[in-house]
Amino acid sequence: MHYQLNTTTSADHIQIQLPSSKSISNRLLLLNALSYSPYEIKNLSDSDDTKAMLGVLNSNTNSFDVGAAGTSMRFLTAFLSKIVGEWTLTGSERMKQRPIKTLVDALNKLGAKIEYIEKEGYPPLRIFGSNLEGGELELPGNVSSQYISALLMVAPTIENGLKLTLTGEIISRPYLEMTLALMKDFGVTSHWKGNVITVPEAPYQPKVVTAESDWSAASYWYEMVALNPAIEVTLKGLKKISLQGDSQVQHMFDKLGVKTKFSQKGTTLTNTGKKPGRFNYNFINEPDLAQTLAVTCCLMDIPFHFTGLQTLKIKETDRINALINELKKLGYQLSSNDTDDLKWDGERTVIEQEAAITIDTYKDHRMAMAFAPAAFKYANLVINDPMVVTKSYPNYWEDIALAGISFIEG
Ligand SMILES: O=C(O)C1=C[C@@H](OP(=O)(O)O)[C@@H](O)[C@H](O)C1
Ligand SMILES: C=C(OP(=O)(O)O)C(=O)O
């Protein structure tokens, strides 16, 4: 299935209720379970990834499929390791290619027994849950922060807590800060000094909590305002002082000509017409924003060099290659060292404006969401497999119709 996109005139000013953050929602669900909370989480995400987490936590069986949800796979591996019983945990075909050995090795060192059902180092997993024993652990901080978040959240509930020493460069650091801040909301204080994080053995205390709206989802709105000066958008539900590292998007887009104003009404984005000669950025802390910025910069004709992209190859797809392939269809010639960077020097081949261009989305919600705003510049843009957006933003297509990007299903 695909969507053929067309632009129509929209109201000058639109208001959007953004989806809730799946990162915060999935942490809160785990912390609710670990604290035996009787309270419901307010503003819980309705994304596939959160439904996957809820499905497992509410299930009566011992065999679970989390689909494409990285956080659910990693957080539940740690959680199930300490619940006495035998569990199997699997996911989508892509999930079976996303590494999990770092986390499994760490949990096995704490006394868990986790086996690989198919390929060594990858899901699906067979988990024999038991009482874990804490202590000191060393693990790489440069593969996925989700392994570390998973260990941190279970740490207070295991004997002696945990002292984690992270080796290598720490990637996605704001997600670790988010984890520790939410743990603190549930009554457990940890210490982070240098590359060592210490979590005491301590009881979690149940709490009434509300998930923030999603700053990563907001990035597509910044992109739309950057590409179409005629629209002004007010986003509802975002917090200015946020647990989400992706709130940095406001500062990135400030350089790309989108001004952010916080008020009682919400977060209002306005195009200022500012345009830099070049945009260089290290995405080590905000990997999920790379696709939004790559498409925006190309379409604004701003050469760029992005670094800190080493985790992009093990996400929903190899995002570095996916961006190179799909932006090429729009005429932009990008290059990469195929490890951690992405570059565009302004090289472009002219393409027929009226020709239909079909963008493949590689089972990656962020490919669909980052490319759809290109409809403002390219007539007849087609997005393949558009429903991938439900991984984080189920209402995406209905929402962007309000900004004047409508779709015909084909
Ligand atoms: O902890 C989280 O909620 C997330 C951490 C990041 O992953 P990595 O730590 O694997 O970079 C991010 O890309 C993902 O979308 C969500
Ligand atoms: C990388 C992502 O998700 P996850 O790793 O949780 O599947 C994402 O949402 O961009």
# chains A, B, ... in the order shown; residues from 1 in each chain; ligands from 1
>>> residues_near_ligand(ligand="ligand 2", cutoff="7 Å", atoms="only C-alpha atoms and all ligand atoms", output="count of residues only")
9
>>> closest_atom_pairs(of="chain A", to="ligand 1", cutoff="8 Å", atoms="only C-alpha atoms and all ligand atoms", output="CSV")
residue,atom,partner,partner_atom_place_in_ligand_line,distance
A:Lys22,CA,ligand 1,3 (O),7.1
A:Ser23,CA,ligand 1,3 (O),3.8
A:Ile24,CA,ligand 1,3 (O),6.9
A:Asn26,CA,ligand 1,3 (O),7.7
A:Arg27,CA,ligand 1,3 (O),7.7
A:Gly70,CA,ligand 1,14 (C),7.2
A:Thr71,CA,ligand 1,3 (O),5.8
A:Val143,CA,ligand 1,10 (O),6.7
A:Ser144,CA,ligand 1,10 (O),3.6
A:Ser145,CA,ligand 1,9 (O),3.4
A:Gln146,CA,ligand 1,9 (O),4.6
A:Tyr147,CA,ligand 1,9 (O),7.5
A:Ser149,CA,ligand 1,1 (O),6.6
A:Ile171,CA,ligand 1,11 (O),6.5
A:Ser172,CA,ligand 1,11 (O),5.1
A:Arg173,CA,ligand 1,9 (O),7.9
A:Tyr175,CA,ligand 1,1 (O),5.0
A:Leu176,CA,ligand 1,1 (O),7.1
A:Thr179,CA,ligand 1,1 (O),7.8
A:Glu286,CA,ligand 1,13 (O),7.4
A:Pro287,CA,ligand 1,13 (O),5.6
A:Asp288,CA,ligand 1,13 (O),5.2
A:Thr311,CA,ligand 1,11 (O),5.7
A:Leu312,CA,ligand 1,11 (O),7.7
A:Ile314,CA,ligand 1,10 (O),7.9
A:Lys315,CA,ligand 1,10 (O),7.1
>>> closest_residue(among="A:Gly168, A:Pro19, A:Gly111, A:Gly346", to="Asn43 (chain A)", atoms="only C-alpha atoms")
A:Pro19
>>> residues_around(residues="Ile83 (chain A)", least_positions_apart="4", cutoff="7 Å", atoms="only C-alpha atoms", output="PDB file with C-alpha atoms, in the first residue's frame")
ATOM      1  CA  PHE A  79      12.383  -7.295  33.641  1.00  0.00           C
ATOM      2  CA  GLY A 129      13.817 -15.758  35.289  1.00  0.00           C
ATOM      3  CA  SER A 130      15.237 -15.973  38.810  1.00  0.00           C
TER       4      SER A 130
END
>>> residues_around(residues="Leu31 (chain A)", least_positions_apart="2", cutoff="9 Å", atoms="only C-alpha atoms", output="list in words")
Asn26, Arg27, Leu28, Leu29, Ala33, Leu34, Ser35, Tyr36, Ser37, Met153, Val154, Leu182, Met183, Phe186, Tyr204 and Pro206 of chain A
>>> write_last_selection(atoms="C-alpha atoms", output="compact mmCIF listing (two decimals), in the first residue's frame")
# COMPACT_ATOMS: atom_id res chain seq x y z
CA ASN A 26 7.50 2.58 28.09
CA ARG A 27 9.69 3.56 31.03
CA LEU A 28 6.65 4.54 33.08
CA LEU A 29 4.96 1.23 32.32
CA ALA A 33 5.07 -2.68 37.18
CA LEU A 34 8.21 -2.66 39.35
CA SER A 35 6.49 -0.50 41.98
CA TYR A 36 3.25 -2.55 41.87
CA SER A 37 1.48 0.72 41.19
CA MET A 153 15.43 0.34 35.97
CA VAL A 154 15.63 -3.17 37.44
CA LEU A 182 11.86 8.89 36.14
CA MET A 183 13.33 6.41 38.64
CA PHE A 186 9.36 6.65 41.80
CA TYR A 204 10.16 1.90 44.26
CA PRO A 206 4.09 4.05 43.24
>>> closest_atom_pairs(of="region 55-150 of chain A", to="region 156-159 of chain A", cutoff="9 Å", atoms="only C-alpha atoms", output="Markdown table")
| residue | atom | partner | partner_atom | distance |
| --- | --- | --- | --- | --- |
| A:Lys82 | CA | A:Ile158 | CA | 8.1 |
| A:Asn131 | CA | A:Ile158 | CA | 7.4 |
| A:Leu132 | CA | A:Ile158 | CA | 5.8 |
| A:Glu133 | CA | A:Glu159 | CA | 5.0 |
| A:Gly134 | CA | A:Glu159 | CA | 5.3 |
| A:Gly135 | CA | A:Glu159 | CA | 8.0 |
>>> select_by_dssp(residues="region 284-384 of chain A", states="strand (DSSP E)", output="list in words")
Phe304, His305, Phe306, Thr307, Leu342, Lys343, Trp344, Ile357, Thr358, Ile359, Leu381, Val382, Ile383 and Asn384 of chain A
>>> write_last_selection(atoms="C-alpha atoms", output="CSV table (one decimal), in the first residue's frame")
chain,number,residue,atom,x,y,z
A,304,PHE,CA,25.7,19.7,5.8
A,305,HIS,CA,28.0,17.3,7.7
A,306,PHE,CA,26.3,15.1,10.4
A,307,THR,CA,28.5,13.1,12.8
A,342,LEU,CA,26.5,11.7,6.6
A,343,LYS,CA,27.5,14.5,4.3
A,344,TRP,CA,25.9,16.6,1.5
A,357,ILE,CA,8.9,10.0,-7.0
A,358,THR,CA,8.3,7.0,-4.8
A,359,ILE,CA,10.0,6.9,-1.4
A,381,LEU,CA,5.4,12.4,-4.1
A,382,VAL,CA,4.5,8.8,-3.2
A,383,ILE,CA,5.3,7.2,0.2
A,384,ASN,CA,5.4,3.4,0.3
>>> residues_around(residues="region 256-261 of chain A", least_positions_apart="2", cutoff="6 Å", atoms="only C-alpha atoms", output="NGL selection string")
:A and (226 or 253-254 or 267-275)
>>> atom_distance(atom1="CA of Gln291 (chain A)", atom2="CA of Arg98 (chain A)")
19.1 Å
>>> residues_around(residues="Gln17 (chain A)", least_positions_apart="3", cutoff="10 Å", atoms="only C-alpha atoms", output="list in words")
Ser20, Ser213, Thr234, Leu235, Lys236, Gly237, Leu238, Gly266, Asn395 and Asp399 of chain A
>>> residues_around(residues="Gly91 (chain A)", least_positions_apart="3", cutoff="10 Å", atoms="only C-alpha atoms", output="ChimeraX atom specification")
/A:52,64-70,72-73,94-98,123-125
>>> closest_residue(among="A:Lys363, A:Arg348, A:Lys239, A:Arg74", to="Ala150 (chain A)", atoms="only C-alpha atoms")
A:Arg74
>>> atom_distance(atom1="CA of Tyr39 (chain A)", atom2="CA of Pro203 (chain A)")
16.7 Å
>>> closest_residue(among="A:Thr7, A:Asn60, A:Met178, A:Val104", to="Ala374 (chain A)", atoms="only C-alpha atoms")
A:Thr7
>>> atom_distance(atom1="CA of Glu93 (chain A)", atom2="CA of Met387 (chain A)")
17.1 Å
>>> closest_residue(among="A:Ala356, A:Thr9, A:Thr296, A:Thr167", to="Asn195 (chain A)", atoms="only C-alpha atoms")
A:Thr167
>>> select_by_dssp(residues="region 103-337 of chain A", states="alpha helix (DSSP H)", output="PyMOL selection string")
chain A and resi 103-109+145-154+173-185+215-227+249-255+290-300+319-329
